[in-house]
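Novice: Next up, target.csv (CSV, C-alpha atoms).
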```csv
chain,number,residue,atom,x,y,z
U,1,MET,CA,97.2,97.3,114.6
U,2,ARG,CA,95.7,96.5,111.2
U,3,VAL,CA,94.0,99.6,109.8
U,4,LEU,CA,91.5,99.6,107.0
U,5,VAL,CA,91.8,102.8,105.0
U,6,THR,CA,89.0,103.5,102.5
U,7,GLY,CA,89.7,105.7,99.6
U,8,SER,CA,93.3,104.6,100.0
U,9,SER,CA,94.4,105.6,96.5
U,10,GLY,CA,93.2,109.2,96.9
U,11,PHE,CA,95.1,112.2,98.3
U,12,MET,CA,94.4,111.9,102.0
U,13,GLY,CA,94.0,108.1,101.8
U,14,LEU,CA,97.6,107.8,100.7
U,15,ALA,CA,98.8,110.3,103.3
U,16,LEU,CA,97.0,108.4,106.0
U,17,SER,CA,98.3,105.1,104.8
U,18,GLU,CA,101.9,106.4,104.9
U,19,ALA,CA,101.4,107.8,108.4
U,20,ILE,CA,99.9,104.7,109.8
U,21,ALA,CA,102.5,102.4,108.2
U,22,ASP,CA,105.3,104.6,109.4
U,23,ALA,CA,104.1,104.0,112.9
U,24,GLY,CA,104.7,100.3,112.4
U,25,ASN,CA,101.1,99.3,111.7
U,26,GLU,CA,99.7,97.2,108.8
U,27,VAL,CA,97.4,99.0,106.4
U,28,ILE,CA,94.7,97.5,104.3
U,29,GLY,CA,93.9,99.9,101.5
U,30,PHE,CA,90.4,99.8,99.9
U,31,ASP,CA,89.6,101.7,96.7
U,32,ILE,CA,88.1,101.2,93.3
U,33,LYS,CA,91.5,101.4,91.7
U,34,PRO,CA,95.1,100.7,93.0
U,35,PRO,CA,97.3,103.6,94.1
U,36,PRO,CA,99.4,105.2,91.4
U,37,PHE,CA,102.5,105.0,93.6
U,38,SER,CA,104.2,101.6,94.3
U,39,ASP,CA,107.9,102.4,94.9
U,40,THR,CA,107.7,103.8,98.4
U,41,ALA,CA,109.3,102.1,101.4
U,42,TRP,CA,106.1,102.1,103.5
U,43,MET,CA,104.2,100.1,100.9
U,44,ASP,CA,105.8,96.9,102.4
U,45,LYS,CA,103.2,97.3,105.1
U,46,PHE,CA,100.3,98.0,102.7
U,47,THR,CA,97.9,95.5,101.3
U,48,PHE,CA,95.5,96.6,98.6
U,49,VAL,CA,91.9,95.4,98.2
U,50,ARG,CA,90.0,96.6,95.2
U,51,GLY,CA,86.3,97.4,95.6
U,52,ASP,CA,83.5,99.9,95.4
U,53,ILE,CA,82.7,101.7,98.6
U,54,ALA,CA,79.0,101.3,97.8
U,55,GLU,CA,79.5,97.5,98.0
U,56,ILE,CA,81.9,97.3,100.9
U,57,GLN,CA,79.5,95.2,103.0
U,58,SER,CA,80.3,92.3,100.8
U,59,PHE,CA,83.9,92.4,102.1
U,60,SER,CA,82.9,91.8,105.7
U,61,GLY,CA,84.1,88.2,105.8
U,62,GLN,CA,87.4,89.0,104.1
U,63,PHE,CA,88.2,91.9,106.5
U,64,LYS,CA,87.3,89.7,109.5
U,65,ARG,CA,89.8,87.1,108.4
U,66,MET,CA,92.4,89.9,107.9
U,67,GLY,CA,92.0,90.9,111.5
U,68,ILE,CA,91.0,94.6,111.0
U,69,THR,CA,91.4,96.5,114.3
U,70,HIS,CA,90.7,100.1,113.2
U,71,ILE,CA,89.1,101.9,110.3
U,72,VAL,CA,89.7,105.3,108.7
U,73,HIS,CA,87.0,106.2,106.2
U,74,ALA,CA,88.5,108.6,103.7
U,75,ALA,CA,86.6,107.6,100.5
U,76,ALA,CA,84.7,110.5,99.0
U,77,ILE,CA,84.0,112.5,95.9
U,78,THR,CA,84.8,116.2,96.0
U,79,PRO,CA,82.7,117.5,93.0
U,80,SER,CA,82.9,120.6,91.0
U,81,GLN,CA,79.7,122.4,90.2
U,82,LYS,CA,79.6,120.6,86.9
U,83,ARG,CA,79.7,117.2,88.6
U,84,GLU,CA,77.1,118.4,91.1
U,85,ARG,CA,74.7,119.2,88.3
U,86,GLU,CA,75.4,116.1,86.2
U,87,ALA,CA,75.9,113.4,88.8
U,88,PRO,CA,74.4,114.3,92.2
U,89,ASP,CA,73.2,110.7,92.6
U,90,ILE,CA,76.8,109.3,92.2
U,91,VAL,CA,78.1,111.9,94.7
U,92,ALA,CA,75.4,110.9,97.2
U,93,ALA,CA,76.0,107.1,96.6
U,94,VAL,CA,79.7,107.5,97.5
U,95,ASN,CA,79.6,110.2,100.2
U,96,ILE,CA,76.5,109.2,102.1
U,97,VAL,CA,75.4,105.7,101.2
U,98,GLY,CA,79.0,104.5,101.1
U,99,ALA,CA,79.6,105.9,104.6
U,100,TYR,CA,76.5,104.2,106.0
U,101,ARG,CA,77.5,100.9,104.4
U,102,LEU,CA,80.9,101.2,105.9
U,103,MET,CA,79.3,101.5,109.3
U,104,LEU,CA,77.2,98.4,108.6
U,105,LEU,CA,80.5,96.6,107.8
U,106,ALA,CA,82.0,98.0,111.1
U,107,ALA,CA,79.0,96.7,113.1
U,108,ASP,CA,80.0,93.2,111.8
U,109,VAL,CA,83.8,93.5,112.0
U,110,ARG,CA,83.8,95.3,115.4
U,111,PRO,CA,86.9,97.4,115.1
U,112,GLU,CA,88.4,99.1,118.2
U,113,GLY,CA,88.0,102.5,116.7
U,114,ILE,CA,86.8,104.3,113.6
U,115,VAL,CA,87.7,107.8,112.3
U,116,TYR,CA,85.6,109.5,109.6
U,117,LEU,CA,87.2,112.3,107.5
U,118,SER,CA,84.6,115.0,107.2
U,119,SER,CA,85.3,118.5,106.0
U,120,ILE,CA,85.2,122.2,106.8
U,121,ALA,CA,82.6,122.2,104.0
U,122,ALA,CA,80.1,120.9,106.5
U,123,TYR,CA,80.0,124.3,108.1
U,124,GLY,CA,79.2,126.0,104.8
U,125,SER,CA,78.0,129.6,105.1
U,126,ALA,CA,77.8,129.4,108.9
U,127,ALA,CA,78.8,132.6,110.8
U,128,PRO,CA,82.1,132.1,112.7
U,129,GLU,CA,82.3,132.6,116.5
U,130,SER,CA,83.7,135.7,118.1
U,131,ASN,CA,87.2,134.5,117.7
U,132,GLY,CA,86.6,134.3,113.9
U,133,CYS,CA,86.7,130.5,113.8
U,134,PHE,CA,84.3,127.7,113.4
U,135,ASP,CA,83.6,125.7,116.7
U,136,GLU,CA,82.4,122.1,116.8
U,137,GLU,CA,79.6,122.8,119.3
U,138,ALA,CA,78.8,126.5,119.1
U,139,THR,CA,78.8,126.9,115.3
U,140,HIS,CA,75.5,125.8,113.6
U,141,ALA,CA,76.5,124.1,110.3
U,142,VAL,CA,74.9,125.5,107.2
U,143,PRO,CA,76.4,123.5,104.3
U,144,GLU,CA,75.6,124.8,100.8
U,145,THR,CA,77.5,122.7,98.3
U,146,LEU,CA,76.5,119.1,97.6
U,147,TYR,CA,79.9,118.1,99.0
U,148,GLY,CA,79.3,119.9,102.3
U,149,ILE,CA,75.7,118.6,102.5
U,150,SER,CA,76.8,115.0,101.9
U,151,LYS,CA,79.6,115.3,104.5
U,152,LEU,CA,77.2,116.5,107.2
U,153,ALA,CA,74.6,113.9,106.3
U,154,ALA,CA,77.3,111.2,106.5
U,155,GLU,CA,78.5,112.5,109.9
U,156,ARG,CA,75.0,112.4,111.4
U,157,GLY,CA,74.1,109.0,110.0
U,158,MET,CA,77.4,107.4,111.0
U,159,GLN,CA,77.0,108.8,114.5
U,160,ARG,CA,73.5,107.3,114.8
U,161,ILE,CA,74.6,103.9,113.5
U,162,ALA,CA,77.7,104.0,115.8
U,163,LYS,CA,75.5,104.7,118.8
U,164,MET,CA,73.0,101.9,118.0
U,165,ASN,CA,75.8,99.4,117.5
U,166,GLY,CA,78.2,100.5,120.3
U,167,LEU,CA,81.0,101.5,118.0
U,168,ASN,CA,83.8,104.0,118.8
U,169,LEU,CA,83.5,106.7,116.1
U,170,ARG,CA,85.5,109.9,115.9
U,171,VAL,CA,84.6,112.5,113.2
U,172,VAL,CA,87.3,114.9,111.9
U,173,ARG,CA,86.2,118.1,110.1
U,174,LEU,CA,89.3,118.6,108.1
U,175,GLY,CA,90.3,122.0,106.9
U,176,PRO,CA,92.0,122.9,103.6
U,177,VAL,CA,94.8,120.5,102.9
U,178,PHE,CA,97.8,120.6,100.5
U,179,GLY,CA,101.0,118.7,100.1
U,180,ALA,CA,102.5,115.3,99.6
U,181,TRP,CA,100.4,112.6,97.9
U,182,GLU,CA,98.0,115.0,96.2
U,183,HIS,CA,97.4,113.9,92.6
U,184,SER,CA,94.6,113.6,90.1
U,185,SER,CA,92.7,110.6,91.3
U,186,GLY,CA,89.4,111.3,89.6
U,187,ALA,CA,87.6,111.8,92.9
U,188,ARG,CA,88.5,115.5,93.3
U,189,ASP,CA,87.7,117.7,90.3
U,190,ILE,CA,89.9,120.8,91.2
U,191,LEU,CA,93.2,120.2,92.9
U,192,SER,CA,94.5,122.6,95.5
U,193,PRO,CA,96.1,125.9,94.4
U,194,HIS,CA,99.3,124.8,96.2
U,195,PHE,CA,99.4,121.8,93.9
U,196,GLN,CA,98.8,123.9,90.8
U,197,ALA,CA,101.4,126.5,91.8
U,198,ALA,CA,104.0,123.7,92.5
U,199,GLN,CA,103.3,122.2,89.1
U,200,ALA,CA,103.9,125.5,87.5
U,201,ALA,CA,107.2,126.0,89.5
U,202,LYS,CA,108.4,122.5,88.5
U,203,SER,CA,107.6,123.0,84.8
U,204,GLY,CA,109.0,126.5,84.6
U,205,LYS,CA,105.7,128.1,83.8
U,206,PRO,CA,104.4,131.4,85.3
U,207,CYS,CA,101.7,131.2,88.0
U,208,VAL,CA,99.0,133.9,88.3
U,209,LEU,CA,96.8,133.9,91.4
U,210,PRO,CA,93.4,135.6,91.3
U,211,ARG,CA,93.8,136.5,95.0
U,212,PRO,CA,96.2,135.4,97.8
U,213,PHE,CA,93.8,132.6,99.2
U,214,PRO,CA,94.5,133.0,103.0
U,215,ALA,CA,93.3,130.1,105.1
U,216,ASP,CA,94.3,127.8,107.9
U,217,TRP,CA,96.0,125.5,105.3
U,218,ILE,CA,97.3,122.2,106.8
U,219,TYR,CA,100.1,120.2,105.3
U,220,SER,CA,99.0,116.7,104.3
U,221,ARG,CA,101.6,114.8,106.4
U,222,ASP,CA,100.8,116.9,109.5
U,223,ALA,CA,97.1,116.2,109.0
U,224,ALA,CA,97.7,112.5,108.5
U,225,ARG,CA,99.9,112.3,111.6
U,226,ARG,CA,97.3,114.0,113.8
U,227,ILE,CA,94.4,111.8,112.4
U,228,ARG,CA,96.5,108.8,113.1
U,229,GLU,CA,97.0,110.0,116.7
U,230,LEU,CA,93.2,110.6,117.0
U,231,LEU,CA,92.6,107.0,115.8
U,232,MET,CA,94.9,105.6,118.4
U,233,TRP,CA,94.3,107.9,121.4
U,234,PRO,CA,92.4,105.9,124.0
U,235,SER,CA,90.3,108.6,125.7
U,236,LEU,CA,89.1,111.8,124.1
U,237,ASN,CA,86.9,114.8,125.0
U,238,GLY,CA,84.1,114.3,122.5
U,239,ASP,CA,83.7,112.6,119.2
U,240,LEU,CA,83.8,115.6,116.7
U,241,PHE,CA,87.0,117.4,116.1
U,242,ASN,CA,88.1,120.3,113.9
U,243,LEU,CA,91.5,119.9,112.3
U,244,GLY,CA,93.0,123.0,110.6
U,245,GLY,CA,96.5,124.3,110.2
U,246,GLY,CA,96.3,126.3,113.4
U,247,ALA,CA,97.6,129.5,111.7
U,248,ILE,CA,96.7,131.5,108.6
U,249,THR,CA,98.9,131.2,105.6
U,250,SER,CA,98.2,132.1,102.0
U,251,VAL,CA,98.9,130.6,98.6
U,252,ALA,CA,100.9,133.7,98.0
U,253,ASP,CA,103.1,132.8,100.9
U,254,TRP,CA,103.4,129.3,99.4
U,255,CYS,CA,104.6,130.8,96.1
U,256,GLN,CA,107.2,132.8,97.9
U,257,ALA,CA,108.4,129.6,99.6
U,258,LEU,CA,108.5,127.8,96.2
U,259,ALA,CA,110.5,130.6,94.7
U,260,THR,CA,113.3,130.0,97.1
U,261,LEU,CA,113.5,126.4,95.8
U,262,ALA,CA,112.8,127.0,92.1
U,263,HIS,CA,114.7,130.2,91.4
U,264,ASP,CA,113.2,130.8,88.0
U,265,PHE,CA,109.7,130.5,89.3
U,266,ALA,CA,107.6,133.6,88.3
U,267,TRP,CA,104.4,134.3,90.1
U,268,SER,CA,102.0,137.2,90.5
U,269,ILE,CA,98.4,138.1,91.5
U,270,ASP,CA,96.0,139.3,88.8
U,271,ALA,CA,92.2,138.7,89.2
U,272,GLN,CA,91.7,139.3,85.5
U,273,SER,CA,93.9,136.6,84.1
U,274,PRO,CA,94.6,133.9,86.7
U,275,THR,CA,96.2,130.5,85.8
U,276,ILE,CA,95.1,129.0,89.1
U,277,GLN,CA,91.6,127.6,89.6
U,278,PHE,CA,89.9,127.5,93.0
U,279,PRO,CA,86.2,126.5,93.6
U,280,TYR,CA,85.4,129.1,96.4
U,281,ALA,CA,84.6,132.6,95.5
U,282,ASN,CA,85.2,133.8,99.1
U,283,ASP,CA,87.8,133.0,101.7
U,284,ARG,CA,86.5,130.8,104.5
U,285,PRO,CA,86.9,131.2,108.3
U,286,ALA,CA,89.5,129.1,110.1
U,287,LEU,CA,88.8,126.1,112.3
U,288,ASP,CA,89.1,126.3,116.1
U,289,ASN,CA,91.6,123.5,116.9
U,290,SER,CA,91.2,123.8,120.7
U,291,ARG,CA,89.4,120.5,121.2
U,292,ILE,CA,91.9,118.3,119.4
U,293,ASP,CA,94.8,120.3,120.8
U,294,THR,CA,93.7,119.7,124.4
U,295,SER,CA,92.7,116.1,123.7
U,296,ILE,CA,95.9,114.9,122.1
U,297,GLN,CA,99.5,115.7,123.1
U,298,SER,CA,101.1,116.3,119.7
U,299,GLY,CA,104.3,117.9,118.5
U,300,PRO,CA,104.3,120.9,116.3
U,301,GLY,CA,103.7,120.7,112.6
U,302,LEU,CA,106.0,121.9,109.8
U,303,THR,CA,106.4,125.5,109.1
U,304,LEU,CA,105.3,126.6,105.6
U,305,GLU,CA,109.0,126.8,104.6
U,306,GLU,CA,109.7,123.3,105.9
U,307,ALA,CA,106.5,122.0,104.2
U,308,ALA,CA,107.7,123.5,100.9
U,309,LYS,CA,111.1,121.8,101.2
U,310,ASP,CA,109.5,118.4,102.1
U,311,TYR,CA,106.9,118.7,99.3
U,312,TRP,CA,109.5,119.8,96.7
U,313,ALA,CA,111.6,116.7,97.6
U,314,TRP,CA,108.5,114.5,97.4
U,315,LEU,CA,107.4,116.0,94.1
U,316,HIS,CA,110.8,115.4,92.5
U,317,SER,CA,110.8,111.8,93.7
U,318,HIS,CA,107.5,111.1,91.9
U,319,SER,CA,108.2,112.3,88.4
U,320,ARG,CA,105.2,110.4,87.0
U,321,LEU,CA,102.7,112.2,89.2
U,322,PRO,CA,99.2,112.0,87.7
U,323,VAL,CA,98.3,115.7,87.3
U,324,GLY,CA,95.1,115.4,85.3
U,325,ALA,CA,93.2,118.5,84.3
U,326,MET,CA,93.5,121.6,86.5
```
Could you write out this structure as structure tokens?
Specialist:
Amino acid sequence: MRVLVTGSSGFMGLALSEAIADAGNEVIGFDIKPPPFSDTAWMDKFTFVRGDIAEIQSFSGQFKRMGITHIVHAAAITPSQKREREAPDIVAAVNIVGAYRLMLLAADVRPEGIVYLSSIAAYGSAAPESNGCFDEEATHAVPETLYGISKLAAERGMQRIAKMNGLNLRVVRLGPVFGAWEHSSGARDILSPHFQAAQAAKSGKPCVLPRPFPADWIYSRDAARRIRELLMWPSLNGDLFNLGGGAITSVADWCQALATLAHDFAWSIDAQSPTIQFPYANDRPALDNSRIDTSIQSGPGLTLEEAAKDYWAWLHSHSRLPVGAM
């Protein structure tokens, strides 16, 4: 397999590139700037192509010659409210127009399979089902942020283009992610509270949460592995899949796990003087993973404690991690 990964220099783009390369496949990374990490073993299976997602159609001939067999579309902007106000056209150009142009490229390149990384944000303020979770079919999506609106618009348009061109498209509504390969890429204005807490633990600074932030958080390497399996699985029940952590954990739980690794790490909860930023005023329902769990035979993911150990080792092996503003 030769897999084109768009947004390959971003958080999930890198996690996906690692997972795909670790399975013995070649990765063609596409992004507007090269990845900030170059000293990892899996990079010997990674070829970088610089380009703007809004102009990806112009790379059709090159990708044909490279023999692309599959595509994972991860390129996106996750804007803060400030960027929503100031540059909504840029967000739409990347998240919606870029997605449609990717599908026009796919209609020319004819890959065996395509996976699009959508988001739980597409559900927005929808009411969860009786089990307290969002369901792919039963839950009526009501996106509110420009990010969620753009993700749902990209989903619907990509599905229409795929149907017209006989393309195999699978959409993943990804839940809240944390872990290895998260960094300040410029495409995501506020990094996860797990990242912010880990940076505080690494630097010996105190961490103050405004609230525990419970959610079905999923570790990045687990998410990437399952998306890789979704890309490669020959026959599936449907073309839209939720992917959350499968269990509720909180950032407070994460801080406790970090404290076992960084013994001088001091953390607390104080809504009046937090050091951690998070863009959502309210906690969101979990995703119902039943469809992907019954479609793909997959091993269990890491426990939170195992994820903390894996991430802590990763964090210390990348001492020049771009942290940006938080």
Novice: Name the residues in contact with Thr139 (chain U) at a cut-off of 8 Å, using only C-alpha atoms, excluding same-chain residues fewer than 5 positions from it; report them as an MDAnalysis selection string.
Specialist: chainID U and resid 123 126:129 134
Novice: To one decimal place in Å, what is the distance between CA of Leu302 (chain U) and CA of Trp42 (chain U)?
Specialist: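 Calculated distance between CA of Leu302 (chain U) and CA of Trp42 (chain U) is 20.8 Å.
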Novice: Would you pick out the contacts of Ser203 (chain U) at 12 Å or less, using all atoms listed in the file, so that residues sharing its chain but fewer than 2 positions from it are not included, and give the list as a JSON list (two decimals) with C-alpha atoms, in the frame of the given file?
Specialist:
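Full text of selection_39.json as output:
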```json
[["chain", "number", "residue", "atom", "x", "y", "z"],
["U", 196, "GLN", "CA", 98.80, 123.90, 90.80],
["U", 197, "ALA", "CA", 101.40, 126.50, 91.80],
["U", 198, "ALA", "CA", 104.00, 123.70, 92.50],
["U", 199, "GLN", "CA", 103.30, 122.20, 89.10],
["U", 200, "ALA", "CA", 103.90, 125.50, 87.50],
["U", 201, "ALA", "CA", 107.20, 126.00, 89.50],
["U", 205, "LYS", "CA", 105.70, 128.10, 83.80],
["U", 206, "PRO", "CA", 104.40, 131.40, 85.30],
["U", 207, "CYS", "CA", 101.70, 131.20, 88.00],
["U", 262, "ALA", "CA", 112.80, 127.00, 92.10],
["U", 264, "ASP", "CA", 113.20, 130.80, 88.00],
["U", 265, "PHE", "CA", 109.70, 130.50, 89.30],
["U", 266, "ALA", "CA", 107.60, 133.60, 88.30],
["U", 315, "LEU", "CA", 107.40, 116.00, 94.10],
["U", 316, "HIS", "CA", 110.80, 115.40, 92.50],
["U", 319, "SER", "CA", 108.20, 112.30, 88.40]]
```
Novice: Rank nothing, just name the residue among U:Phe278, U:Tyr311, U:Phe178, U:Tyr147 nearest to Val91 (chain U), using all atoms listed in the file.
Specialist: U:Tyr147
Novice: When you count only C-alpha atoms, which of these residues is closest to Ser17 (chain U): U:Ala223, U:Cys133, U:Val171, U:Ala257?
Specialist: U:Ala223
Novice: Name the closest residue to Gly29 (chain U) among the candidates U:Leu231, U:Leu243, U:Ala121, U:Leu14; distances are taken between atoms, counting all atoms listed in the file.
Specialist: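 Comparing U:Leu231, U:Leu243, U:Ala121, U:Leu14 against Gly29 (chain U), the winner is U:Leu14.
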Novice: Taking only C-alpha atoms into account, name the residue in U:Ala154, U:Val251, U:Val49, U:Leu174 that is nearest to Ala92 (chain U).
Specialist: U:Ala154
Novice: Nearest to Leu261 (chain U): which of U:Asp288, U:Glu55, U:Glu229, U:Glu305 is it, counting all atoms listed in the file?
Specialist: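 Closest to Leu261 (chain U), using all atoms listed in the file: U:Glu305.
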Novice: If we count all atoms listed in the file and set the cut-off at 12 Å, which residues sit around Ala281 (chain U), ignoring sequence neighbours fewer than 6 positions away in its own chain? Please answer as a ChimeraX atom specification.
Specialist: /U:210-211,213,271
Novice: Between U:Val97, U:Val72, U:Val5, U:Ile190, which residue has the minimum interatomic distance to Ser150 (chain U), considering only C-alpha atoms?
Specialist: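 Nearest candidate to Ser150 (chain U) out of U:Val97, U:Val72, U:Val5, U:Ile190: U:Val97.
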Novice: Mind filling out region 35-57 of chain U with N, CA and C atoms and sending it as an mmCIF file, in the frame of the given file?
Specialist:
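rebuild.cif, written as the output of this step:
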```
data_model
loop_
_atom_site.group_PDB
_atom_site.id
_atom_site.type_symbol
_atom_site.label_atom_id
_atom_site.label_comp_id
_atom_site.auth_asym_id
_atom_site.auth_seq_id
_atom_site.Cartn_x
_atom_site.Cartn_y
_atom_site.Cartn_z
ATOM 1 N N PRO U 35 96.599 102.292 94.048
ATOM 2 C CA PRO U 35 97.300 103.600 94.100
ATOM 3 C C PRO U 35 98.297 103.718 92.977
ATOM 4 N N PRO U 36 98.491 104.953 92.501
ATOM 5 C CA PRO U 36 99.400 105.200 91.400
ATOM 6 C C PRO U 36 100.867 105.171 91.780
ATOM 7 N N PHE U 37 101.156 105.018 93.065
ATOM 8 C CA PHE U 37 102.500 105.000 93.600
ATOM 9 C C PHE U 37 102.806 103.615 94.159
ATOM 10 N N SER U 38 103.885 102.982 93.754
ATOM 11 C CA SER U 38 104.200 101.600 94.300
ATOM 12 C C SER U 38 105.625 101.459 94.693
ATOM 13 N N ASP U 39 106.432 102.502 94.595
ATOM 14 C CA ASP U 39 107.900 102.400 94.900
ATOM 15 C C ASP U 39 108.304 103.047 96.139
ATOM 16 N N THR U 40 107.395 103.162 97.103
ATOM 17 C CA THR U 40 107.700 103.800 98.400
ATOM 18 C C THR U 40 107.959 102.770 99.449
ATOM 19 N N ALA U 41 108.847 103.075 100.388
ATOM 20 C CA ALA U 41 109.300 102.100 101.400
ATOM 21 C C ALA U 41 108.111 101.604 102.252
ATOM 22 N N TRP U 42 107.185 102.498 102.614
ATOM 23 C CA TRP U 42 106.100 102.100 103.500
ATOM 24 C C TRP U 42 105.118 101.128 102.883
ATOM 25 N N MET U 43 105.176 100.973 101.558
ATOM 26 C CA MET U 43 104.200 100.100 100.900
ATOM 27 C C MET U 43 104.443 98.606 101.266
ATOM 28 N N ASP U 44 105.585 98.288 101.918
ATOM 29 C CA ASP U 44 105.800 96.900 102.400
ATOM 30 C C ASP U 44 104.806 96.548 103.507
ATOM 31 N N LYS U 45 104.169 97.571 104.090
ATOM 32 C CA LYS U 45 103.200 97.300 105.100
ATOM 33 C C LYS U 45 101.744 97.617 104.608
ATOM 34 N N PHE U 46 101.604 97.675 103.290
ATOM 35 C CA PHE U 46 100.300 98.000 102.700
ATOM 36 C C PHE U 46 99.820 96.897 101.813
ATOM 37 N N THR U 47 98.567 96.495 102.063
ATOM 38 C CA THR U 47 97.900 95.500 101.300
ATOM 39 C C THR U 47 96.686 96.120 100.609
ATOM 40 N N PHE U 48 96.585 95.993 99.296
ATOM 41 C CA PHE U 48 95.500 96.600 98.600
ATOM 42 C C PHE U 48 94.364 95.663 98.292
ATOM 43 N N VAL U 49 93.133 96.120 98.546
ATOM 44 C CA VAL U 49 91.900 95.400 98.200
ATOM 45 C C VAL U 49 91.084 96.259 97.296
ATOM 46 N N ARG U 50 90.801 95.771 96.110
ATOM 47 C CA ARG U 50 90.000 96.600 95.200
ATOM 48 C C ARG U 50 88.516 96.366 95.412
ATOM 49 N N GLY U 51 87.779 97.466 95.450
ATOM 50 C CA GLY U 51 86.300 97.400 95.600
ATOM 51 C C GLY U 51 85.662 98.714 95.593
ATOM 52 N N ASP U 52 84.357 98.691 95.421
ATOM 53 C CA ASP U 52 83.500 99.900 95.400
ATOM 54 C C ASP U 52 82.983 100.147 96.786
ATOM 55 N N ILE U 53 83.120 101.376 97.275
ATOM 56 C CA ILE U 53 82.700 101.700 98.600
ATOM 57 C C ILE U 53 81.178 101.417 98.802
ATOM 58 N N ALA U 54 80.408 101.527 97.723
ATOM 59 C CA ALA U 54 79.000 101.300 97.800
ATOM 60 C C ALA U 54 78.670 99.782 98.021
ATOM 61 N N GLU U 55 79.688 98.928 97.845
ATOM 62 C CA GLU U 55 79.500 97.500 98.000
ATOM 63 C C GLU U 55 80.424 96.921 99.091
ATOM 64 N N ILE U 56 80.879 97.769 99.990
ATOM 65 C CA ILE U 56 81.900 97.300 100.900
ATOM 66 C C ILE U 56 81.377 96.292 101.928
ATOM 67 N N GLN U 57 80.067 96.240 102.138
ATOM 68 C CA GLN U 57 79.500 95.200 103.000
ATOM 69 C C GLN U 57 79.877 93.804 102.607
#
```
